[in-house]
Amino acid sequence: MTTMTMRLDNADAQLVRKYAEFEGKSISDFIRDAVFERIEDQEDLATLRAAIAEDDGVRYTHEQVLAELGL
């Protein structure tokens, strides 16, 4: 397993410690989760941008969708 180091001033480090404790997580788990949430958010944003670029403006009502699905 790899170890990574992050530098914080004392006030920020204390904030991270307290928040991780509040969440019931170790600092390592808290930071790992935060990093991967950020990555996931960026992937979601990229997906949204691609969807917007491909959007043809056609919209369907719930009734139309249900009818198309035979429900």
# chains A, B, ... in the order shown; residues from 1 in each chain; ligands from 1
>>> select_by_dssp(residues="chain A", states="alpha helix (DSSP H)", output="ChimeraX atom specification")
/A:10-23,27-54,62-69
>>> residues_around(residues="range 20-32 of chain A", least_positions_apart="4", cutoff="12 Å", atoms="only C-alpha atoms", output="NGL selection string")
:A and (2-6 or 13-16 or 36-39)
>>> write_last_selection(atoms="C-alpha atoms", output="mmCIF file, in the first residue's frame")
data_model
loop_
_atom_site.group_PDB
_atom_site.id
_atom_site.type_symbol
_atom_site.label_atom_id
_atom_site.label_comp_id
_atom_site.auth_asym_id
_atom_site.auth_seq_id
_atom_site.Cartn_x
_atom_site.Cartn_y
_atom_site.Cartn_z
ATOM 1 C CA THR A 2 1.251 3.495 -0.824
ATOM 2 C CA THR A 3 1.423 6.348 1.653
ATOM 3 C CA MET A 4 0.740 9.904 0.499
ATOM 4 C CA THR A 5 1.471 13.061 2.452
ATOM 5 C CA MET A 6 -0.598 16.213 2.580
ATOM 6 C CA ALA A 13 -5.386 19.972 10.258
ATOM 7 C CA GLN A 14 -7.474 20.388 13.393
ATOM 8 C CA LEU A 15 -10.586 20.943 11.294
ATOM 9 C CA VAL A 16 -9.913 17.741 9.328
ATOM 10 C CA PHE A 36 -12.764 9.672 -4.496
ATOM 11 C CA GLU A 37 -15.981 11.674 -4.083
ATOM 12 C CA ARG A 38 -14.248 14.560 -5.836
ATOM 13 C CA ILE A 39 -13.130 12.290 -8.673
#
